[in-house]
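Visitor: Okay, so here is structure_39.txt, and as you'll see once you scroll down, it has compact mmCIF, C-alpha atoms.
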# COMPACT_ATOMS: atom_id res chain seq x y z
CA MET J 204 -8.69 29.47 59.30
CA PHE J 205 -11.59 31.56 58.02
CA TRP J 206 -11.29 34.63 60.23
CA GLU J 207 -7.50 34.70 60.06
CA LYS J 208 -7.79 34.98 56.28
CA ILE J 209 -10.42 37.70 56.56
CA ALA J 210 -8.21 39.79 58.86
CA MET J 211 -5.48 39.64 56.23
CA LEU J 212 -7.90 40.58 53.45
CA ASN J 213 -9.60 43.54 55.15
CA ARG J 214 -7.11 46.02 53.76
CA TRP J 215 -8.00 45.08 50.18
CA GLY J 216 -10.85 46.44 48.10
CA LYS J 217 -14.33 45.19 48.92
CA SER J 218 -15.01 43.56 45.54
CA LEU J 219 -11.90 41.40 45.78
CA ILE J 220 -12.75 40.50 49.37
CA LEU J 221 -16.20 39.33 48.39
CA MET J 222 -14.91 37.14 45.59
CA VAL J 223 -12.30 35.54 47.86
CA LEU J 224 -14.97 35.01 50.53
CA LEU J 225 -17.13 33.28 47.98
CA CYS J 226 -14.33 30.99 46.87
CA MET J 227 -13.32 30.10 50.45
CA SER J 228 -16.86 29.48 51.59
CA GLY J 229 -17.94 27.24 48.76
CA GLN J 230 -21.58 27.03 47.77
CA GLN J 231 -23.35 28.47 50.77
CA LEU J 232 -22.20 32.02 51.46
CA SER J 233 -25.42 33.88 52.17
CA ALA J 234 -25.02 36.98 54.29
CA GLN J 235 -28.35 38.73 53.72
CA SER J 236 -31.50 37.29 55.27
CA PHE J 237 -35.16 38.03 55.87
CA SER J 238 -36.42 38.73 59.37
CA PRO J 239 -38.52 35.90 60.88
CA ASP J 240 -41.71 37.82 60.03
CA GLY J 241 -40.51 38.45 56.46
CA LYS J 242 -40.93 42.22 56.70
CA GLN J 243 -37.26 43.26 56.89
CA ILE J 244 -33.87 42.22 55.53
CA LEU J 245 -30.59 42.08 57.42
CA PHE J 246 -27.57 42.67 55.18
CA PRO J 247 -23.92 43.82 55.29
CA ARG J 248 -22.77 47.23 54.03
CA TYR J 249 -19.08 47.63 53.12
CA ASP J 250 -16.95 50.77 53.19
CA PRO J 251 -14.19 51.39 50.58
CA GLN J 252 -11.69 49.48 52.76
CA GLY J 253 -13.93 46.40 52.80
CA ILE J 254 -15.04 46.80 56.44
CA ALA J 255 -18.56 45.51 57.04
CA MET J 256 -21.41 46.93 59.07
CA GLN J 257 -24.77 45.21 59.40
CA ALA J 258 -27.93 47.09 58.47
CA ILE J 259 -31.67 46.42 58.53
CA VAL J 260 -34.13 47.69 55.93
CA ASN J 261 -37.81 47.12 55.26
CA THR J 262 -38.56 45.03 52.17
CA ASP J 263 -40.03 48.12 50.48
CA GLY J 264 -36.71 49.96 50.90
CA THR J 265 -37.77 52.21 53.78
CA GLY J 266 -36.59 52.39 57.37
CA LEU J 267 -32.86 51.76 56.85
CA MET J 268 -31.10 51.32 60.19
CA GLU J 269 -27.41 50.60 60.71
CA ILE J 270 -26.28 48.51 63.68
CA LEU J 271 -23.41 50.69 64.85
CA GLN J 272 -22.08 47.99 67.17
CA SER J 273 -21.58 45.68 64.18
CA VAL J 274 -18.58 47.43 62.59
CA GLY J 275 -16.21 44.74 61.34
CA CYS J 276 -18.90 42.03 61.46
CA PRO J 277 -19.59 40.62 57.98
CA ILE J 278 -21.60 37.68 59.35
CA ALA J 279 -24.87 37.96 61.27
CA LYS J 280 -27.69 35.61 62.24
CA TRP J 281 -31.22 36.66 63.18
CA SER J 282 -32.83 34.69 66.04
CA PRO J 283 -36.08 32.84 65.22
CA ASN J 284 -38.12 35.09 67.55
CA GLY J 285 -36.73 38.20 65.85
CA LYS J 286 -35.47 39.73 69.11
CA TYR J 287 -31.72 39.15 68.76
CA ILE J 288 -29.01 39.27 66.12
CA LEU J 289 -25.79 37.31 66.50
CA LEU J 290 -22.76 39.21 65.13
CA SER J 291 -19.33 37.78 64.27
CA ASN J 292 -16.07 39.56 63.46
CA ALA J 293 -12.50 38.74 62.41
CA LYS J 294 -11.30 38.64 66.03
CA ARG J 295 -13.53 35.59 66.58
CA GLU J 296 -15.70 37.70 68.82
CA VAL J 297 -19.38 36.91 68.94
CA LYS J 298 -21.83 39.58 70.02
CA ILE J 299 -25.53 39.32 70.77
CA TYR J 300 -27.42 42.46 69.73
CA THR J 301 -30.87 43.04 71.29
CA LEU J 302 -33.12 44.93 68.88
CA LYS J 303 -35.51 46.30 71.53
CA THR J 304 -32.81 47.91 73.67
CA GLY J 305 -30.09 48.47 71.08
CA LYS J 306 -27.57 46.95 73.50
CA THR J 307 -24.84 44.47 72.60
CA GLN J 308 -23.25 41.77 74.74
CA THR J 309 -19.81 40.45 73.76
CA LEU J 310 -19.28 36.78 74.64
CA THR J 311 -16.04 35.64 76.25
CA HIS J 312 -15.17 32.57 74.17
CA PRO J 313 -13.56 32.74 70.69
CA ILE J 314 -16.20 31.33 68.35
CA GLU J 315 -16.20 30.91 64.58
CA PRO J 316 -19.08 30.51 62.09
CA PRO J 317 -21.23 28.83 60.92
CA PHE J 318 -23.97 29.62 63.43
CA VAL J 319 -27.50 28.44 64.09
CA TRP J 320 -30.11 29.39 66.68
CA ARG J 321 -32.24 26.94 68.63
CA GLU J 322 -35.86 27.16 67.50
CA ASP J 323 -36.92 28.94 70.73
CA SER J 324 -34.02 31.45 70.48
CA SER J 325 -32.73 30.44 73.92
CA ALA J 326 -29.39 29.15 72.61
CA PHE J 327 -27.18 29.02 69.54
CA ALA J 328 -24.42 26.81 68.15
CA GLY J 329 -21.05 27.61 66.55
CA VAL J 330 -17.45 26.43 66.39
CA LEU J 331 -15.64 26.90 69.71
CA ILE J 332 -11.89 27.57 69.39
CA LYS J 333 -9.59 26.14 72.06
CA LYS J 334 -5.85 26.84 72.16
CA ASN J 335 -3.32 24.78 74.12
CA LYS J 336 -1.39 27.33 76.19
CA PHE J 337 1.81 25.29 75.92
CA THR J 338 1.82 24.21 72.26
CA GLN J 339 -0.41 27.02 70.94
CA ILE J 340 -2.18 24.38 68.85
CA GLU J 341 -5.83 25.16 68.24
CA THR J 342 -8.65 22.66 68.25
CA ARG J 343 -12.25 23.18 67.16
CA GLU J 344 -15.44 21.87 68.67
CA LEU J 345 -18.99 22.16 67.46
CA CYS J 346 -20.59 23.66 70.54
CA ARG J 347 -23.98 24.73 71.86
CA PHE J 348 -24.12 27.93 73.93
CA ASP J 349 -26.82 29.61 75.97
CA ARG J 350 -27.59 33.20 75.10
CA GLU J 351 -25.01 34.38 77.65
CA GLY J 352 -22.30 32.43 75.83
CA TYR J 353 -21.95 29.57 78.34
CA PRO J 354 -20.98 26.27 76.60
CA MET J 355 -23.61 23.58 77.10
CA GLY J 356 -22.33 20.73 74.94
CA ARG J 357 -19.28 20.11 72.76
CA VAL J 358 -18.41 17.72 69.95
CA PRO J 359 -14.79 17.67 68.69
CA LEU J 360 -14.58 18.31 64.96
CA HIS J 361 -11.09 16.77 64.62
CA ASP J 362 -10.07 17.28 60.97
CA LEU J 363 -13.51 18.24 59.69
CA GLN J 364 -13.78 21.71 58.17
CA LEU J 365 -16.95 23.77 57.98
CA ALA J 366 -17.16 26.81 55.71
CA SER J 367 -18.31 30.02 57.39
CA GLN J 368 -21.78 29.76 55.86
CA ALA J 369 -22.00 26.00 55.44
CA PRO J 370 -25.47 24.70 56.35
CA LEU J 371 -25.81 24.12 60.10
CA TYR J 372 -29.21 23.25 61.55
CA TRP J 373 -30.58 22.61 65.02
CA ILE J 374 -32.91 19.60 65.10
CA PRO J 375 -36.16 20.81 66.73
CA ASN J 376 -36.88 19.70 70.31
CA THR J 377 -33.44 18.10 70.66
CA ASP J 378 -29.86 19.10 71.46
CA GLU J 379 -28.55 17.62 68.22
CA LEU J 380 -27.17 19.41 65.17
CA VAL J 381 -26.92 18.52 61.50
CA PHE J 382 -24.34 20.15 59.27
CA MET J 383 -22.55 19.97 55.93
CA THR J 384 -18.79 19.92 55.68
CA ASN J 385 -16.71 21.65 53.04
CA GLU J 386 -13.42 19.79 52.81
CA GLN J 387 -11.50 20.61 49.64
CA ALA J 388 -14.69 20.45 47.59
CA GLN J 389 -15.73 17.21 49.31
CA MET J 390 -19.09 17.99 50.86
CA ASN J 391 -21.00 15.59 53.10
CA VAL J 392 -23.67 15.59 55.82
CA TYR J 393 -22.95 14.85 59.48
CA VAL J 394 -25.10 14.85 62.60
CA THR J 395 -24.14 15.07 66.25
CA ASP J 396 -25.28 11.92 67.99
CA SER J 397 -24.86 11.58 71.78
CA MET J 398 -21.93 13.99 71.78
CA GLN J 399 -20.30 12.26 68.83
CA LEU J 400 -20.29 12.84 65.09
CA ARG J 401 -22.02 10.51 62.70
CA LYS J 402 -21.45 10.69 58.97
CA VAL J 403 -24.69 10.45 57.01
CA SER J 404 -23.50 10.84 53.40
CA SER J 405 -20.22 9.79 51.81
CA SER J 406 -20.60 10.80 48.17
CA ASN J 407 -18.46 14.00 48.57
CA ASP J 408 -20.55 15.78 45.93
CA LEU J 409 -23.28 17.72 47.74
CA VAL J 410 -24.15 21.14 46.33
CA GLY J 411 -26.75 22.25 48.87
CA MET J 412 -28.79 21.29 51.91
CA GLY J 413 -31.88 22.70 53.59
CA GLN J 414 -33.94 22.11 56.71
CA VAL J 415 -37.69 21.59 56.36
CA THR J 416 -39.34 23.98 58.81
CA GLY J 417 -41.35 22.36 61.58
CA THR J 418 -39.94 18.87 60.96
CA THR J 419 -36.83 16.87 61.81
CA ASP J 420 -36.07 16.44 58.10
CA VAL J 421 -33.33 17.88 55.91
CA ILE J 422 -33.04 17.75 52.13
CA TRP J 423 -29.82 17.76 50.17
CA ALA J 424 -28.82 17.85 46.51
CA ARG J 425 -26.05 15.87 44.82
CA LYS J 426 -24.69 17.05 41.50
CA GLY J 427 -24.86 14.54 38.67
CA ALA J 428 -21.65 12.78 37.70
CA ASN J 429 -22.38 13.68 34.06
CA LEU J 430 -24.66 16.71 33.79
CA HIS J 431 -25.48 15.89 30.16
CA TYR J 432 -27.51 12.91 31.39
CA ILE J 433 -28.32 13.53 35.06
CA LEU J 434 -28.47 17.10 36.38
CA MET J 435 -28.67 16.23 40.09
CA THR J 436 -30.38 13.97 42.59
CA LEU J 437 -32.29 14.95 45.74
CA TYR J 438 -32.48 13.13 49.07
CA ARG J 439 -34.55 13.57 52.21
CA PHE J 440 -33.10 12.59 55.59
CA ASN J 441 -35.20 12.11 58.73
CA THR J 442 -32.79 12.88 61.56
CA MET J 443 -34.91 11.09 64.17
CA LEU J 444 -35.49 7.91 62.19
CA THR J 445 -31.98 8.14 60.67
CA SER J 446 -33.50 7.17 57.32
CA VAL J 447 -32.50 8.51 53.91
CA SER J 448 -34.78 8.35 50.87
CA ARG J 449 -34.18 9.48 47.32
CA LEU J 450 -36.80 11.88 46.00
CA ASN J 451 -38.46 11.56 42.62
CA PHE J 452 -36.66 14.17 40.51
CA PRO J 453 -36.19 14.16 36.71
CA GLU J 454 -32.75 13.45 35.30
CA ARG J 455 -33.14 16.31 32.82
CA LEU J 456 -34.74 19.74 33.02
CA PRO J 457 -35.47 21.30 29.61
CA PRO J 458 -34.01 24.76 30.40
CA LEU J 459 -30.77 23.29 31.81
CA ASN J 460 -29.93 19.92 30.19
CA PRO J 461 -32.63 19.12 27.61
CA ASP J 462 -30.46 16.64 25.71
CA PRO J 463 -26.88 15.20 25.83
CA ARG J 464 -25.58 18.06 23.67
CA HIS J 465 -26.69 20.77 26.07
CA ALA J 466 -25.88 20.94 29.76
CA PRO J 467 -24.38 23.31 32.35
CA ASP J 468 -20.64 23.24 32.93
CA SER J 469 -21.34 22.83 36.64
CA ILE J 470 -23.94 23.29 39.36
CA PHE J 471 -22.71 26.16 41.51
CA SER J 472 -25.32 26.18 44.28
CA VAL J 473 -28.68 24.79 45.39
CA LYS J 474 -30.83 26.34 48.12
CA PHE J 475 -34.15 24.96 49.33
CA SER J 476 -37.19 26.94 50.44
CA PRO J 477 -38.08 26.70 54.16
CA ASP J 478 -40.98 24.32 53.54
CA GLY J 479 -38.92 22.14 51.20
CA SER J 480 -41.30 22.67 48.28
CA HIS J 481 -39.00 24.71 46.01
CA LEU J 482 -35.34 25.22 45.26
CA ILE J 483 -33.18 27.72 43.44
CA VAL J 484 -30.28 26.43 41.35
CA ILE J 485 -27.29 28.44 40.15
CA ALA J 486 -25.61 26.83 37.14
CA LEU J 487 -22.46 27.85 35.28
CA MET J 488 -23.28 27.83 31.56
CA SER J 489 -21.26 28.35 28.37
CA GLU J 490 -22.92 30.81 26.02
CA ALA J 491 -21.29 32.18 22.86
CA GLY J 492 -17.84 31.40 24.20
CA LYS J 493 -18.52 33.08 27.54
CA LYS J 494 -19.18 31.68 31.01
CA ILE J 495 -22.53 32.81 32.43
CA TYR J 496 -24.10 32.13 35.81
CA ARG J 497 -27.82 31.42 35.44
CA SER J 498 -30.27 30.88 38.28
CA TYR J 499 -33.51 28.91 38.07
CA THR J 500 -36.36 28.40 40.52
CA LEU J 501 -38.41 25.20 40.42
CA LYS J 502 -40.57 22.91 42.48
CA ILE J 503 -38.93 19.98 44.23
CA ASP J 504 -40.48 17.56 41.73
CA GLY J 505 -38.72 19.36 38.87
CA SER J 506 -41.80 21.17 37.58
CA GLU J 507 -42.45 24.90 37.07
CA VAL J 508 -38.86 25.74 36.12
CA THR J 509 -38.37 29.52 35.86
CA ALA J 510 -35.28 31.28 34.51
CA PHE J 511 -34.74 33.67 37.41
CA ASP J 512 -31.58 35.67 36.62
CA ARG J 513 -28.22 35.67 34.86
CA TYR J 514 -24.80 37.12 35.77
CA ALA J 515 -21.35 37.36 34.22
CA THR J 516 -19.98 36.68 37.71
CA PRO J 517 -21.61 34.82 40.61
CA PRO J 518 -23.72 36.89 43.03
CA ASP J 519 -21.73 38.35 45.92
CA PHE J 520 -23.98 36.55 48.39
CA LEU J 521 -26.21 33.70 47.34
CA TYR J 522 -29.99 33.63 47.46
CA ASN J 523 -31.93 33.39 50.70
CA TRP J 524 -35.62 32.57 50.98
CA SER J 525 -38.34 34.49 52.77
CA PRO J 526 -39.99 32.57 55.65
CA ASP J 527 -43.08 31.89 53.53
CA GLY J 528 -41.00 30.78 50.53
CA LYS J 529 -42.60 33.33 48.20
CA GLN J 530 -39.63 35.68 47.79
CA LEU J 531 -35.86 35.61 47.50
CA THR J 532 -33.21 38.12 48.51
CA TRP J 533 -29.63 38.27 47.22
CA MET J 534 -26.74 40.64 46.64
CA TRP J 535 -24.90 41.33 43.41
CA GLY J 536 -22.51 44.16 42.66
CA MET J 537 -23.08 45.27 46.27
CA LYS J 538 -26.76 45.86 45.48
CA LEU J 539 -29.38 44.34 47.75
CA MET J 540 -32.08 42.68 45.66
CA ILE J 541 -35.49 41.12 46.24
CA GLY J 542 -37.84 39.25 43.92
CA ASN J 543 -40.74 36.81 43.77
CA VAL J 544 -40.05 33.12 43.35
CA ASP J 545 -41.50 33.21 39.81
CA GLY J 546 -38.96 35.86 38.78
CA THR J 547 -41.39 38.80 38.86
CA ASN J 548 -41.00 42.09 40.75
CA LYS J 549 -37.21 41.92 40.99
CA VAL J 550 -36.10 45.23 42.45
CA LYS J 551 -33.03 46.82 44.00
CA ILE J 552 -33.69 47.73 47.62
CA PHE J 553 -30.54 49.54 48.60
CA THR J 554 -27.07 50.22 47.20
CA ASN J 555 -23.96 50.68 49.35
As structure tokens, what does this structure read like?

Guide:
Amino acid sequence: MFWEKIAMLNRWGKSLILMVLLCMSGQQLSAQSFSPDGKQILFPRYDPQGIAMQAIVNTDGTGLMEILQSVGCPIAKWSPNGKYILLSNAKREVKIYTLKTGKTQTLTHPIEPPFVWREDSSAFAGVLIKKNKFTQIETRELCRFDREGYPMGRVPLHDLQLASQAPLYWIPNTDELVFMTNEQAQMNVYVTDSMQLRKVSSSNDLVGMGQVTGTTDVIWARKGANLHYILMTLYRFNTMLTSVSRLNFPERLPPLNPDPRHAPDSIFSVKFSPDGSHLIVIALMSEAGKKIYRSYTLKIDGSEVTAFDRYATPPDFLYNWSPDGKQLTWMWGMKLMIGNVDGTNKVKIFTN
């Protein structure tokens, strides 16, 4: 599975590792993230052997601090209250780092990403690994844990596969989870329902999902079957009412597919802002015989489209929104970047 592949890859160069990570994890690899107050960024630094260490830096580039206990942990998750950071390494170890004390607690169970914290930071969820001591066959369960690592509820995943950074959300004021699978490019939404899984979508073509802060709603994007005519469609799902509604979104956006002769080759990724008002789209475009990755920010009704950035290769780690939805952070060429949603003030914060 994911971490077994990473252990094998750690001896390779970091650039190759990042590209393989991106391919294995599909559309949602996003290792860097803003702190809950939006004043700092948590991100991975890599040595020449491709070994990760997590670091924290202020958004103005000052105050860099490495988390020494995070060596070998390419994945991290900041708690909503900003007091803890969950760390994950290739040995399937999960550690809880307390920022105030600088101490780290290693949990006893083997747990794989993706991860999500409960909104009050009292618990988190991940994929619990169980091995039959006789057959050595492993099974995976989507599990909730308290902050000490004690399992509080399990749902067998059976044959479902979740990428390491696939969207996984905790429905506020409940013990239920909503997540997106990544099964051989077939991506759908599921929710846990009374300790069982319930499939919400069946189109197999999702390219992104986001949780709307302070609500029980999630939004997802489906890529159009023919991008020359329909770029994508957006849906809003109320997890409590179990209702799905299609949002009003234009079939064409002038900068991306203005007419049937011009359209992206594919939609690489979609990420929604925390309040659900904006999204950033990465599209693979053909320009002068070359493949170019272009990113665009826009409002959820398709207005105010801004050409945000362009790359010859996809970003190492995809965009992540600030809590207020006004800024984005991303990594490309091992550089940590930050910029406003309208594409202004894009700066490099720190280079490994």

Visitor: Could you check the closest approach to Ile483 (chain J) for each of J:Asn460, J:Asn385, J:Thr445, J:Asn543 and tell me which residue wins, using all atoms listed in the file?

Guide: J:Asn543

Visitor: Can you tell me which residues surround region 357-362 of chain J at a distance of at most 9 Å, considering all atoms listed in the file, apart from same-chain residues fewer than 2 positions away, and format the answer as a list in words?

Guide: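 Residues near the query, excluding close chain neighbours: Val330, Leu331, Thr342, Arg343, Glu344, Leu345, Cys346, Arg347, Pro354, Met355, Gln364, Thr395, Met398, Gln399 and Leu400 of chain J.
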
Visitor: Do you have the CA of Gln257 (chain J)-CA of Tyr353 (chain J) distance handy?

Guide: 24.7 Å

Visitor: Val410 (chain J): which residues within 7 Å, counting only C-alpha atoms, same-chain residues fewer than 2 positions away excluded, as a PDB file with C-alpha atoms, in the coordinates of the input?

Guide:
ATOM      1  CA  GLN J 230     -21.580  27.030  47.770  1.00  0.00           C
ATOM      2  CA  ASP J 408     -20.550  15.780  45.930  1.00  0.00           C
ATOM      3  CA  ALA J 424     -28.820  17.850  46.510  1.00  0.00           C
ATOM      4  CA  ARG J 425     -26.050  15.870  44.820  1.00  0.00           C
ATOM      5  CA  LYS J 426     -24.690  17.050  41.500  1.00  0.00           C
ATOM      6  CA  SER J 472     -25.320  26.180  44.280  1.00  0.00           C
ATOM      7  CA  VAL J 473     -28.680  24.790  45.390  1.00  0.00           C
TER       8      VAL J 473
END

Visitor: Could you tell me how far CA of Pro370 (chain J) sits from CA of Leu444 (chain J), in Å to one decimal place?

Guide: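 Those two atoms sit 20.4 Å apart.
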
Visitor: Using only C-alpha atoms, list the residues that have an atom at most 12 Å from (-29.9, 54.4, 58.9), coordinates as in the file, as a count of residues only.

Guide: 17

Visitor: Work out how far CA of Phe440 (chain J) is from CA of Gly329 (chain J), in Å to one decimal.

Guide: 22.2 Å

Visitor: Using only C-alpha atoms, determine which residues lie at most 7 Å from Tyr287 (chain J), disregarding the query and same-chain residues fewer than 5 positions distant; provide the list as a PyMOL selection string.

Guide: chain J and resi 281-282+299-302

Visitor: Between J:Leu380, J:Ile503, J:Leu487, J:Met390, which one has atoms that come closest to Leu437 (chain J), using only C-alpha atoms?

Guide: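 Counting only C-alpha atoms, the residue closest to Leu437 (chain J) is J:Ile503.
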
Visitor: Which residue out of J:Ser367, J:Asn335, J:Thr547, J:Thr418 has the minimum interatomic distance to Ala234 (chain J) when all atoms listed in the file are used?

Guide: J:Ser367
